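Engineer: Pasting a structure here, questions to come.
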Amino acid sequence: MAAQEELNPSHVEKKAKKKPAKRYWEETENTEQNKPTEEESKAEQKQKTSTATEKRKNAERSLSGKEDPFPGEKPIPQKQLRKFQRGEKHKVPARAGPKLKHAIKSSESLSELAQKQAARYGLMLPEDAGFLEGDDGEDTCTISQDDIANAVDITSGAKYFNLHLSQFGPYRLDYSRTGRHLLLGGRRGHVACIDWQSKHLMSEMNVMETVNDIKWLHTEAMFAVAQKKWLYIYDSKGVELHCIKKFNDVLRMQFLPYHFLLATASATGFLQYLDVSIGKEIAAICTKMGRLNVMTQNPYNAIIHLGHTNGTVSLWSPNQKEPLVKMLCHRGAVHSVAVDKTGTYMVTSGLDRKLKVYDIRAFKPFHSSFLPAGASCLSLSQRGLLSAATGDVVQVYQNVWGSSPVSKPYMAHRLRGQVCGVAYCPFEDVLGIGHGQGFTSMIVPGAGEPNFDALDTNPYRSAKQRQEWEVKALLEKVQPELIGLDPGLLSKVDQASFEQRHKERVEVMGFDPLAKQKFKPRMRKKGRSSAGAVEKRKRKVAHEDQRDEIRQTVEDKVKRQKEQKEKSNKRKELEKKSALDRFKK
Amino acid sequence: MVKTSSLQKTTPSEAVTSAMAADSGDEEELHTDPEQAISASEDEEGSDDERKHNKLLEAISSMGGRKRKKQSERSEASVQVSEFFVNAEGAGDKINLSDLLGVVEKTSGASNKTKKQLRNLQSTKETLELPLNKQQKEKIQRGIAYVKTAEEVSNWQNIIVQNQRADQMVFPLKQEPSGPKRVEQVVAGWKVKTPLEQEIFRLLHSNSQPVLDPVLTPVEEASLKAMSLEEAKIRRAELQKARALQSYYEAKAKREKKIKSKQYHRVQKKAKRKEFLKQFDEMVKSNPQEALEELKKMEMSRMQERMSLKHQNSGKWAKSKAIMAKYDDSARKAMQEQLQMNKDLTQKIVVLSEDEQEDKDEDLEAVPDFVNDPEPIVDSVNPWMRGQLTQEEPEVSRVTTEELQTAEEEKEDEEEELIGEFERKRKMRQADEEDLIPTEDKKHVSEVPGEDVVEISDDDDDEDQEEEEEEEEEEEEEEDVSKFNTLFNLMRSEKTQEGQEDGEELLDEGQVRVRNMEDLEVLGEVFEQQPSATPSVPQTAVADKTSEPQNKKGISLSEVLTKEAKVIKVPFLPTVVEHEEMEHDEQISIIKEAFAGDDVISDFMKDKKKQEEAGRPKVVDLTLPGWGEWGGIGLKPSRRKRKRFTKKMDPPPPRQDRKLPDVIISEKRNASIAAHQVSHLPFPYENPAQFESTIRTPVGQTWNTQSVVKKMTTPKVVTKMGAIIEPMAKEDFIKGKSSTAAGKAPAIMLGQRDKRAKVGEKRTSQKKPGKRAPKRRKQ
C-alpha cells in the first residue's frame, strides 16, 4: 500500500484534494433527511402531472433546487421543420423482416435527426427581408430612387448611382456570385470590372471589337467575354488568358457554378458547353433553331433555357442532342426568359407583348399578363422580384406567382437610354441596369436574400477564404452527366429493363460482351474437312438456342390442329346423325 | 390323460409347457395344471365324493406356490390311459432345451429365478435385431451431433445479431483502459465502504486472493522467475554450435551437388545403398518396428517396379540401344545396367523416389483490347465549326491600299455572285414549299404585310441607326449565312429560319418575322383556296380544356396558348406615357393577336405530331416475295401473306405531354445518368420506394449540421492501430456463462459493480468496450 503511494504520489494527492464522488449509500442518508420535503413536492406533482414527467423534472432540477420552468429542448416550430423536410416518411411494412425493419427504422431516425438539427440551426439566420411600403394612397412605384436614397442610411444610399458611359453604349452586365464584383461590357468594346461597393475599378479596357455578352466565371479572378468572333477569357486585371476559337459568334452565355460549365449560345444556332475547370468542350449541340439570342439557366437543375423566334422556349442539357422540352410560350418571338431560384417558375416575355409565368415543373402556364409596351429584358431576384425592361423604363413586380396575376408594378425607374441588360445583385437590394447611356444601380428594397451561406457564397470572404473555397468547390464539382430535368434522379433506382441497359452497354463498349461466339468447325486432317463435311458439322449446331422454342411451337401447332380436327369430326358426326340412324345395323 | 379337452383352452405358451409336461410324466401334469385336473375329474361320473374332495384339496394346495413332490396315485383305469400312449420316452429324439428345462424344473437346487429366466427364454421367440449398417448409424450420429452443435452455436446468435446491427464496432472488443494508469494504482487509495463490497472482500480474503495488490498471484510470480545466467549461457553456446554445424553441412552438400561426374555419383549411390543396408540390418536388431516400416516401403517400391516397364528395356531409348548393342559395347553395358537395376529393384532394394517437377504453363488468353471509344462527332461533321463565317473578314480588313482596286473588282464580282446566290436560294425555297403539305402553308398566309408596317413604326431613331450599322457589318457575312440557310432548308421541312436571315439584333425593336414578296406571291394561290379557319380570338380562355375528352386526332389550335392575359395597368410616371401611343399600342396588339400567332402554333403542332410519330414503333414487314408462291417482276406477295408476316409492335407507354398541348417533352432516356444510378435493388429492401426513402436525406455538409454529418458518416468498424484483434471470448459474451463468470469476478471488477449488477445492462457494457474490465483472473 505504501509502496503504491510512493509509486504514484501525485495521483494520490489529487485524489485527496478532490471531493469524494457521491455514492448511492450516501444518498440514502440524505434521502432520509429530505424525505418530508420530497413527499410534499411529490404530492404537489401528483396533482399536476403524471409520473413520467415527474421523473424528468426530478432529473433536471438544478443545483439551486429551483425547477426548470421549460424543461427539455426548445420546441421547433412546425413551419421551420417543414422547410427542411426531405421527402415523405416511409413506414415500415407490416410483414417486413427484421433486417429491413432495422434498415428503415435507422434511416428514418437519422433523417429525422438531420431535419431537426437543420431546423434548429435556422435560428442562426438573423436577417429578415422587408419591402417598400407607401403611405396611405401612395403608390410605391411613384417613389423615386432619389427619395429612397435620401431616406436610407448612407451606405445603403450609396448603392444608388449612375455611371455615364455614353460612348461605347449599350451595356451588358454581370454580378459575381458573391455580389461584390460587377462586370460591364459595352457593345462597342468597353469592358470594365468594378468592385462596385467600394467603387474600386479593378480593370478597364477596350477590346476593339463588338462585345455580345460578358460573364464572370467561378471566381472574380476570371471572366469570359463573347466578342465578335471568338470567345475570350480575361483575368480581373484585364489580361487575355484564352481565346477559344471553338466558340464562335457567341451571343449569350451562362455560367453553371456547380458544374464549372460555361454554356454559350451562338448566332449559328449552336449551344456549346465549356468545362472551365479542365478547359474542354463538353458538348456542342446544333439546336437547329436559328439565331440564339435569348438564354437563361435554371439554377435548380442547371438546365439551359433558350428562347426562339418562333415563340418557343426549349430546355437543354449537355447530355442530349435534342431539346428535353419544347414549350410554345408566345405567338411571336420570345424576347426574354427568366427562371426563379427554386426552379419552380419561369417568366417569359415575347413579341406579343405578353408576360407569362409558367410552372416549369408541370410545364403549365400559371399567369399571363399583357404589358402594353412589352418587356425586353427580364430578371428575377433571389426573393422573387421580377424586373422587366420596357424601352427605357425598368419596372419591378412583386408577387409574380401569387394567386392572381400582377396588376401594377412595385417600383419603376426611367433611364436615359434603351435598356440592354438587367441583373439583380445577389445578397443586396440592388438592381443593376445596363443601358445605352451607361449603367445604373437601383435600390429595390426586398430584392436580395438577407442570409448568405458563408461556405458557399460569402460576400465578405478574404482572398484566403476564396482560395480555400475554390479548392473545395472543384473537389465537389458536379459532373455534367448528372444534369437532367430532375436533379433527384440520382437517388432513384434505375428501373430500366435488362435489354435496354444491355443495349446502352453495347453502345458504350462498342461490342456485345454477352454475344455468343460463332461456331467455327475445327480443321480436321485426313480429308474430313471438305466443304461438305464442314457444312454438315455446322448444320449440327445451327440454331441450337432456338431449337427448343421451335420444337415447342411446332408441337403446339400440331396439338391445336389435332384438337380442331377432333372438334370438326364431332360436329360432322352430330350433323350426320339422323333419326333413322338408330335403326342402322 | 387330460389332454383332449384341455388343449383347446390353453394359450400357446401354456401349450408349450403342457407338451413339456406330457414328456416328463403324468404326475407332473397334475402339478402344473390343477384346473385341468379338476376338469378331468369331472369327466368321471358317479365317483366318490371323498376322492373328489382329496383331489380338490390337492389342487388347492398346489396353487399355493410351493411345489411339493408327491406322486399321484392311480387307483382306477381311465379312458385316456391306453397302450397307445405308452412309448419309450426320449428314444431317438435330440435333446431340446425343453428337455433340460424339465430337469431343471424338477431339481430343487436350481433357483426360481433361473427357472423363470429359462422359461421366459423358451417362451420368447424373438430373434435379435441386426446391428444398423454404417451409413444409418452415422446418419443418426450426425443428427445428434448437429442438434448439439446447433444448440451450442445458437448461444452466439444474440451477440452476433447485436454486433451486426450496431452502428459502430470498435476493435479490439476488449480494450485496455487508455492512459498509463494501472488499475491497482487507482484502487490503492480506495477503501471498502458499502456492505456489498465488504461482503465481496470477505469472500476474497477467504480464498486468499490478492486484494490490495492484485498484480501477481503466486503462480504468476513463479512463472516469472527467470532462468539463471549460466543456464542461459550454456543454452546460447549450444545454439551457436548447432547453427555452425548446420552451415557446414549445407556448404558440403552444395559442393557435392555441383560435381558433375557420373561415375562419382554412381559410386556415391552405391555407397549409400550399402550404408543403408547396413543400417537396416542394425535396425532389425535395435528397432524392429521401424525396420518393419522400412521393409514395407521397400516392398512398395518393389511392387511399383514390378508394375511399371521402367527398366525393362522397352522404351524408345532402350530400343535404339538394342540395335546398337550388337556393335557397341557401351550400349550393351548400358542396357545391362538397366536390367540390373530392374533386378535389383524387384529384389528388395530401396531406391529413393524422385520428385516430379510440375511445369505450369500459364496460358494467358489475350483479352480483346479493341474497346471502341464512342467518337465525339462534334467538330468534323459540324459545318459551323469550320469557322468560315467570320474568318474571311480579317483578310478583308488587312487589305492594303495597293490591292484596293482589285479588291473593288472582286467586290463587284461578289455582288454578282450574291445576286445569283439569292436567286438560287429562292428557287430552292419554292421547291421546298411545293413539296410540303398544303396545310403547312396556311401559316405563311396569315402574315399580313400591315403588321410589318406597324412594327416598323415602333422603332426609335436611335435604334434604326444602330441597325444600319450592324447591317453594314453583317452584309458580308450574309453570303455565308445564306449558304448555311439553304443547307438548313434542305435538312428540315420547317421554315423557322426565314426570319433570321437578316441576322440583326432583334431584341427590343419590335422584330417581326419578315418575309419577302416572292414568297407571298407563291403562297397567294394557296391562300385563296384555303380560308384561314383558325379561331380569330384564341384569347377566350378554355379553362376546362383538360376536362374535355381528348379527341384522338390531336390538339386543336384553339387549345394552344389559351392562357387568359390580364392587362397590367401601368401607372407610369407621367413623363413616360403618352396617351396617343397607348391607344396606338392597343390597336397594334389587337391586330397582332388576330393574326400573329397561328403560323407559329401550327408549326409547333406539326413538330409535335412528328415527334409522336417518331416515337411510335413501326410495323415490321417480314414478307419475302417468291416464297410459297410465284415471284417476279410485277408480282406482289399476296395480301394474306403480307398480313401474316407483318409484325405489329406494342404501343409505347403514353407520352408525358399527352395532356399538354403546347409542350413537347422528349421521351428519350437519359443514359448518361444511368451509369451513376443504382441499377439493382440492394438486399433487405423489397421495393425501390423503400430504398429510395432510405437515401433521400443528403449526407453532405452543405445540407446538414456538423454533428449530423459526423453521425451519418461514422465508420462501421473502427480498429485501434497496432492492437491485436482477437476472436470474441465465449465467457465474455454468452449469457449462460456470464453468471458463472460473475461468480469468479476478481477485485478489479469493483470499479464496474453497478454495471454488473443488472443483467439488462450487460449489453451496454458490451457496446462500450472501453469500460470493460481489462482482465479476468482465475481464482
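Identifiers in this document derive from the order of the C-alpha cells: chains are assigned A, B, ..., residues are numbered from 1 separately in each chain, and ligands are numbered from 1 in order of occurrence.
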Region 287-427 of chain A: which residues are strand (DSSP E) by DSSP, as a PyMOL selection string?

Structural biologist: chain A and resi 294-298+303-307+312-316+325-328+334-339+345-350+354-359+364-370+377-380+386-390+393-397+411-414+419-424

Engineer: Residues of chain A that have any atom at most 6 Å from an atom of chain B: could you tabulate them with the shortest-distance atom pair and the distance in Å to one decimal, using only C-alpha atoms, ordered by chain and increasing number, as JSON lines?

Structural biologist:
```
{"residue": "A:Leu100", "atom": "CA", "partner": "B:Pro684", "partner_atom": "CA", "distance": 4.9}
{"residue": "A:Ser107", "atom": "CA", "partner": "B:Thr694", "partner_atom": "CA", "distance": 5.4}
{"residue": "A:Ser111", "atom": "CA", "partner": "B:Thr697", "partner_atom": "CA", "distance": 5.8}
{"residue": "A:Ala114", "atom": "CA", "partner": "B:Val708", "partner_atom": "CA", "distance": 5.9}
{"residue": "A:Gly290", "atom": "CA", "partner": "B:Gln497", "partner_atom": "CA", "distance": 5.8}
{"residue": "A:Asn310", "atom": "CA", "partner": "B:Val600", "partner_atom": "CA", "distance": 5.8}
{"residue": "A:Leu324", "atom": "CA", "partner": "B:Ser666", "partner_atom": "CA", "distance": 5.0}
{"residue": "A:Val325", "atom": "CA", "partner": "B:Ile665", "partner_atom": "CA", "distance": 4.4}
{"residue": "A:Lys326", "atom": "CA", "partner": "B:Ile664", "partner_atom": "CA", "distance": 5.0}
{"residue": "A:Met327", "atom": "CA", "partner": "B:Val663", "partner_atom": "CA", "distance": 4.4}
{"residue": "A:Leu328", "atom": "CA", "partner": "B:Asp662", "partner_atom": "CA", "distance": 5.2}
{"residue": "A:Arg331", "atom": "CA", "partner": "B:Gly597", "partner_atom": "CA", "distance": 4.2}
{"residue": "A:Ser368", "atom": "CA", "partner": "B:Ala565", "partner_atom": "CA", "distance": 4.5}
{"residue": "A:Ser369", "atom": "CA", "partner": "B:Lys566", "partner_atom": "CA", "distance": 4.2}
{"residue": "A:Phe370", "atom": "CA", "partner": "B:Val567", "partner_atom": "CA", "distance": 4.3}
{"residue": "A:Leu371", "atom": "CA", "partner": "B:Ile568", "partner_atom": "CA", "distance": 5.8}
{"residue": "A:Ser376", "atom": "CA", "partner": "B:Asp508", "partner_atom": "CA", "distance": 5.3}
{"residue": "A:Ser407", "atom": "CA", "partner": "B:Ile568", "partner_atom": "CA", "distance": 4.6}
{"residue": "A:Lys408", "atom": "CA", "partner": "B:Val570", "partner_atom": "CA", "distance": 5.6}
{"residue": "A:Glu481", "atom": "CA", "partner": "B:Ser672", "partner_atom": "CA", "distance": 5.4}
{"residue": "A:Leu482", "atom": "CA", "partner": "B:Ile673", "partner_atom": "CA", "distance": 5.5}
{"residue": "A:Leu490", "atom": "CA", "partner": "B:Gln677", "partner_atom": "CA", "distance": 5.5}
{"residue": "A:Lys492", "atom": "CA", "partner": "B:Glu692", "partner_atom": "CA", "distance": 5.9}
{"residue": "A:Val493", "atom": "CA", "partner": "B:Val678", "partner_atom": "CA", "distance": 5.0}
{"residue": "A:Asp494", "atom": "CA", "partner": "B:Ser679", "partner_atom": "CA", "distance": 4.8}
{"residue": "A:Met509", "atom": "CA", "partner": "B:Val371", "partner_atom": "CA", "distance": 5.8}
{"residue": "A:Gly510", "atom": "CA", "partner": "B:Asn372", "partner_atom": "CA", "distance": 5.0}
```

Engineer: Tell me, in Å to one decimal, how far CA of Ala145 (chain B) is from CA of Asp732 (chain B).

Structural biologist: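 Value for the CA of Ala145 (chain B)-CA of Asp732 (chain B) distance: 25.1 Å.
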
Engineer: What's the separation between CA of Ser381 (chain A) and CA of Ala447 (chain A), in Å to one decimal place?

Structural biologist: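 Result for CA of Ser381 (chain A) versus CA of Ala447 (chain A): 5.6 Å, one decimal.
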
Engineer: Write out as an MDAnalysis selection string each polymer residue whose atoms come within 12 Å of Glu468 (chain A), counting only C-alpha atoms; drop sequence neighbours fewer than 5 positions from it.

Structural biologist: chainID A and resid 219 455:456 461:463 473:475

Engineer: Work out how far apart CA of Thr114 (chain B) and CA of Ile60 (chain B) are and give it in Å to one decimal.

Structural biologist: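 Computed distance, CA of Thr114 (chain B) to CA of Ile60 (chain B), equals 25.5 Å.
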
Engineer: For region 412-417 of chain A, work out the shell of residues within 12 Å, counting only C-alpha atoms and skipping chain neighbours fewer than 4 positions away, then give it as a ChimeraX atom specification.

Structural biologist: /A:139-146,160,162-166,169-171,386-398,408,421,431-444 /B:460,462-463,570-577

Engineer: From a DSSP pass on the backbone, collect the residues of region 379-566 of chain A flagged as helix (DSSP H, G or I) and hand them back as an MDAnalysis selection string.

Structural biologist: chainID A and resid 463:475 480:482 487:491 498:509 531:541 544:566

Engineer: Name all residues at most 9 Å from Pro480 (chain A) (count only C-alpha atoms; drop same-chain ones fewer than 5 positions away) and give them as a list in words.

Structural biologist: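 Listing them by chain and then by number gives His259, Phe260, Leu261, Asp275, Ile282, Ser317, Pro318 and Asn319 of chain A.
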